[in-house]
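So this one's coords01.cif, mmCIF, C-alpha atoms:
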```cif
data_entry
#
loop_
_atom_site.label_atom_id
_atom_site.label_comp_id
_atom_site.auth_asym_id
_atom_site.auth_seq_id
_atom_site.Cartn_x
_atom_site.Cartn_y
_atom_site.Cartn_z
CA MET A 21 -4.58 -1.07 13.41
CA ALA A 22 -0.79 -1.39 13.19
CA GLU A 23 1.11 0.31 10.40
CA THR A 24 2.41 -1.83 7.55
CA TYR A 25 5.95 -1.36 6.30
CA LEU A 26 7.19 -2.53 2.94
CA GLY A 27 10.57 -3.26 1.44
CA ILE A 28 11.70 -4.48 -1.95
CA TYR A 29 14.79 -6.63 -2.38
CA GLN A 30 16.25 -7.32 -5.82
CA SER A 31 17.42 -10.93 -5.50
CA PRO A 32 19.32 -12.87 -8.17
CA ILE A 33 16.01 -14.57 -9.02
CA GLY A 34 13.67 -11.59 -8.99
CA LEU A 35 12.04 -8.94 -6.87
CA ILE A 36 11.03 -9.90 -3.34
CA GLU A 37 8.43 -7.85 -1.49
CA ILE A 38 8.68 -7.85 2.31
CA LYS A 39 5.74 -6.71 4.45
CA VAL A 40 5.98 -6.06 8.17
CA THR A 41 3.29 -5.13 10.65
CA ALA A 42 3.15 -5.15 14.45
CA GLY A 43 6.87 -5.86 14.67
CA ALA A 44 6.95 -9.02 12.51
CA ILE A 45 7.16 -10.10 8.89
CA ILE A 46 3.73 -11.10 7.60
CA SER A 47 4.73 -11.78 4.00
CA LEU A 48 7.79 -12.23 1.87
CA GLU A 49 6.95 -13.04 -1.73
CA PHE A 50 8.28 -12.84 -5.25
CA VAL A 51 6.62 -10.11 -7.31
CA GLU A 52 6.94 -9.15 -10.95
CA GLU A 53 6.91 -5.41 -10.34
CA VAL A 54 7.00 -2.90 -7.52
CA ARG A 55 3.37 -2.31 -6.57
CA GLU A 56 3.73 0.10 -3.67
CA GLU A 57 6.21 2.68 -2.46
CA GLU A 58 8.71 1.38 0.07
CA ARG A 59 8.07 2.22 3.72
CA LEU A 60 11.08 0.88 5.56
CA ASP A 61 11.46 0.06 9.22
CA PRO A 62 14.28 -1.73 11.09
CA ILE A 63 12.75 -5.19 10.56
CA VAL A 64 12.40 -4.66 6.80
CA GLU A 65 15.99 -3.41 6.68
CA GLU A 66 17.24 -6.43 8.66
CA ALA A 67 15.29 -8.80 6.41
CA ILE A 68 16.97 -7.22 3.37
CA ARG A 69 20.41 -7.63 5.01
CA GLN A 70 19.73 -11.27 5.85
CA LEU A 71 18.33 -12.05 2.39
CA SER A 72 21.39 -10.45 0.82
CA ALA A 73 23.68 -12.62 2.96
CA TYR A 74 21.62 -15.72 2.10
CA PHE A 75 21.93 -15.06 -1.62
CA ASP A 76 25.64 -14.22 -1.22
CA GLY A 77 26.11 -17.64 0.38
CA THR A 78 27.17 -16.32 3.80
CA ARG A 79 23.92 -17.05 5.68
CA ARG A 80 22.20 -20.40 6.03
CA ASP A 81 19.27 -19.53 8.27
CA PHE A 82 17.30 -16.51 9.32
CA ASP A 83 16.79 -14.74 12.62
CA LEU A 84 13.75 -12.58 11.95
CA PRO A 85 10.44 -12.07 13.73
CA ILE A 86 7.69 -13.65 11.65
CA SER A 87 3.93 -13.81 12.00
CA PRO A 88 2.42 -15.76 9.11
CA GLN A 89 -1.34 -15.42 8.98
CA GLY A 90 -3.33 -18.60 8.33
CA THR A 91 -5.37 -21.37 9.86
CA ASP A 92 -4.10 -23.37 12.83
CA PHE A 93 -3.31 -26.26 10.48
CA GLN A 94 -1.38 -24.03 8.06
CA ARG A 95 0.62 -22.49 10.90
CA LEU A 96 1.43 -25.99 12.19
CA VAL A 97 2.79 -26.97 8.77
CA TRP A 98 4.73 -23.71 8.41
CA GLN A 99 6.24 -24.13 11.88
CA HIS A 100 7.57 -27.56 10.88
CA LEU A 101 9.07 -26.12 7.70
CA LEU A 102 11.39 -24.10 9.94
CA ASP A 103 12.88 -27.40 11.18
CA ILE A 104 14.18 -28.37 7.71
CA PRO A 105 17.89 -27.49 7.71
CA PHE A 106 19.61 -25.52 4.96
CA GLY A 107 20.63 -27.80 2.11
CA GLN A 108 18.23 -30.60 3.04
CA ILE A 109 14.93 -31.67 1.52
CA ILE A 110 11.97 -33.70 2.70
CA SER A 111 8.85 -35.02 1.03
CA TYR A 112 5.29 -33.88 1.60
CA GLN A 113 4.71 -37.34 3.08
CA ASP A 114 7.58 -36.84 5.56
CA LEU A 115 6.15 -33.45 6.49
CA ALA A 116 2.70 -34.95 7.06
CA LYS A 117 4.25 -37.57 9.36
CA ALA A 118 6.25 -34.88 11.20
CA ILE A 119 3.09 -33.00 12.13
CA GLY A 120 1.41 -36.22 13.28
CA LYS A 121 -1.04 -36.44 10.38
CA PRO A 122 0.43 -39.03 7.97
CA GLU A 123 -2.84 -39.29 6.03
CA ALA A 124 -2.97 -35.53 5.35
CA ILE A 125 -0.40 -35.38 2.54
CA ARG A 126 -2.62 -33.32 0.20
CA ALA A 127 -3.63 -30.92 2.98
CA VAL A 128 0.04 -30.51 3.91
CA GLY A 129 0.84 -29.78 0.27
CA ALA A 130 -1.92 -27.20 0.11
CA ALA A 131 -0.73 -25.54 3.34
CA ASN A 132 2.85 -25.56 2.07
CA GLY A 133 1.64 -23.83 -1.09
CA GLN A 134 -0.05 -21.10 0.95
CA ASN A 135 3.11 -20.20 2.91
CA PRO A 136 3.20 -16.38 2.91
CA ILE A 137 6.85 -16.06 3.97
CA SER A 138 8.90 -17.80 1.31
CA ILE A 139 12.63 -18.51 1.72
CA VAL A 140 12.61 -17.60 5.44
CA VAL A 141 9.97 -20.32 5.99
CA PRO A 142 11.59 -22.77 3.57
CA CYS A 143 8.67 -24.33 1.71
CA HIS A 144 11.03 -24.77 -1.25
CA ARG A 145 12.72 -27.63 0.63
CA VAL A 146 9.68 -29.92 0.26
CA LEU A 147 9.49 -32.26 -2.74
CA GLY A 148 7.19 -34.96 -4.03
CA SER A 149 7.70 -38.49 -2.65
CA ASP A 150 9.50 -39.43 -5.86
CA GLY A 151 11.90 -36.48 -5.48
CA SER A 152 10.11 -34.38 -8.09
CA LEU A 153 9.91 -30.61 -7.88
CA THR A 154 6.24 -29.92 -7.32
CA GLY A 155 4.54 -26.62 -6.76
CA TYR A 156 6.15 -23.37 -5.74
CA GLY A 157 4.37 -20.03 -5.65
CA GLY A 158 7.42 -18.28 -7.06
CA GLY A 159 7.68 -20.73 -9.96
CA LEU A 160 9.38 -24.11 -10.19
CA TRP A 161 12.46 -22.56 -11.77
CA ARG A 162 12.99 -20.51 -8.58
CA LYS A 163 12.48 -23.58 -6.39
CA GLU A 164 15.12 -25.40 -8.42
CA TRP A 165 17.48 -22.40 -8.21
CA LEU A 166 17.07 -22.16 -4.41
CA LEU A 167 17.69 -25.88 -3.91
CA LYS A 168 20.81 -25.75 -6.09
CA HIS A 169 21.97 -22.64 -4.23
CA GLU A 170 21.66 -24.57 -0.97
CA GLY A 171 23.39 -27.63 -2.40
CA ALA A 172 20.29 -29.82 -2.04
CA LEU A 173 20.19 -30.50 -5.80
CA LEU A 174 23.12 -31.27 -8.02
CA LEU A 175 24.00 -28.56 -10.53
#
```

Now, as a test, write the supplied structure out as C-alpha cells.
Amino acid sequence: MAETYLGIYQSPIGLIEIKVTAGAIISLEFVEEVREEERLDPIVEEAIRQLSAYFDGTRRDFDLPISPQGTDFQRLVWQHLLDIPFGQIISYQDLAKAIGKPEAIRAVGAANGQNPISIVVPCHRVLGSDGSLTGYGGGLWRKEWLLKHEGALLL
C-alpha cells in the first residue's frame, strides 16, 4: 500500500487538509482542526504553493496530479467540473446536460457534493438553476467567498 502524505494550508477561509498517495492528490478539504501530523512530500508542497497563489489572486487554475476516488459516475461529473473556467458558474442542470444525462440533475448534485478535492476540482462553481447557492461541503459561506474571489458573484 502506498504511503499517504498530508499537508495543512491556512487559507483566508479556514484550514485546508491535503492528502496525497501514489503520486496524486486524493483529497483536499476544509477542516476545523489539524487532525494528523503533517507528512509533506513534493506534491503536497506544490499544492500549498498553488493554493497560496490562488488565494493571493495570482493563479486561476491548478496544475496538480489528482486521483479522486469514487464511482464511475462521480468521476465523470468531477471530470466535467474541471472544464468550468475560473470566474464562471453553471447550473446543476447544465452540468447534467454536459455529461449527457440531462435527466440526472439530482444525481449530478449528489456527485458534486461528494467531490473530495475541493477548489482544485471546482464544485463551488455549480449553482441551482435559479442562480441560488446550494450545497457546499465547506459551508455555503465559503462557496460564496470563493465565487466572489473569482469574480463570479458581485461583491

Selection near stretch 131-143 of chain A, 7 Å with only C-alpha atoms, sequence-local residues under 2 positions removed, as a short mmCIF file (atom, residue, chain, number, x, y, z; two decimals) with C-alpha atoms, keeping the file's coordinate frame:
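Okay, around-v3.cif is ready:
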```cif
data_model
loop_
_atom_site.label_atom_id
_atom_site.label_comp_id
_atom_site.auth_asym_id
_atom_site.auth_seq_id
_atom_site.Cartn_x
_atom_site.Cartn_y
_atom_site.Cartn_z
CA ILE A 46 3.73 -11.10 7.60
CA SER A 47 4.73 -11.78 4.00
CA LEU A 48 7.79 -12.23 1.87
CA GLU A 49 6.95 -13.04 -1.73
CA PHE A 82 17.30 -16.51 9.32
CA PRO A 88 2.42 -15.76 9.11
CA GLN A 94 -1.38 -24.03 8.06
CA VAL A 97 2.79 -26.97 8.77
CA TRP A 98 4.73 -23.71 8.41
CA LEU A 101 9.07 -26.12 7.70
CA LEU A 102 11.39 -24.10 9.94
CA ALA A 127 -3.63 -30.92 2.98
CA VAL A 128 0.04 -30.51 3.91
CA GLY A 129 0.84 -29.78 0.27
CA ARG A 145 12.72 -27.63 0.63
CA VAL A 146 9.68 -29.92 0.26
CA GLY A 155 4.54 -26.62 -6.76
CA TYR A 156 6.15 -23.37 -5.74
CA GLY A 157 4.37 -20.03 -5.65
#
```

Ground truth for the PyMOL selection byres ((chain A and resi 107) around 8), written as a VMD selection string: chain A and resid 105 to 106 108 to 109 167 170 to 172

Spatial neighbours of stretch 110-119 of chain A, 6 Å, all atoms listed in the file, chain gap at least 2 places, as a PyMOL selection string: chain A and resi 121-122+124-125+146-149

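We find atom CA of A:Gln30 and atom CA of A:Gly151 to be spaced 29.5 Å apart.
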
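Between A:Glu53 and the residues A:Gln70, A:Gly159, A:Ile28, A:Phe75, the shortest atom-to-atom distance, using only C-alpha atoms, involves A:Ile28.
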
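Atom CA of A:Gly90 is positioned 19.5 Å from atom CA of A:Glu23.
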
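Selection check: the PyMOL selection byres ((chain A and resi 32) around 10) on the shown file gives Tyr29, Gln30, Ser31, Ile33, Gly34, Leu35, Ser72, Phe75, Asp76, Arg162 and Trp165 of chain A.
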
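In terms of minimum interatomic distance to A:Ile68, A:Leu84 ranks closest within A:Ala22, A:Val54, A:Leu173, A:Leu84, counting all atoms listed in the file.
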
Interatomic distance, atom CA of A:Tyr74 to atom CA of A:Phe50 (Å, one decimal): 15.5 Å
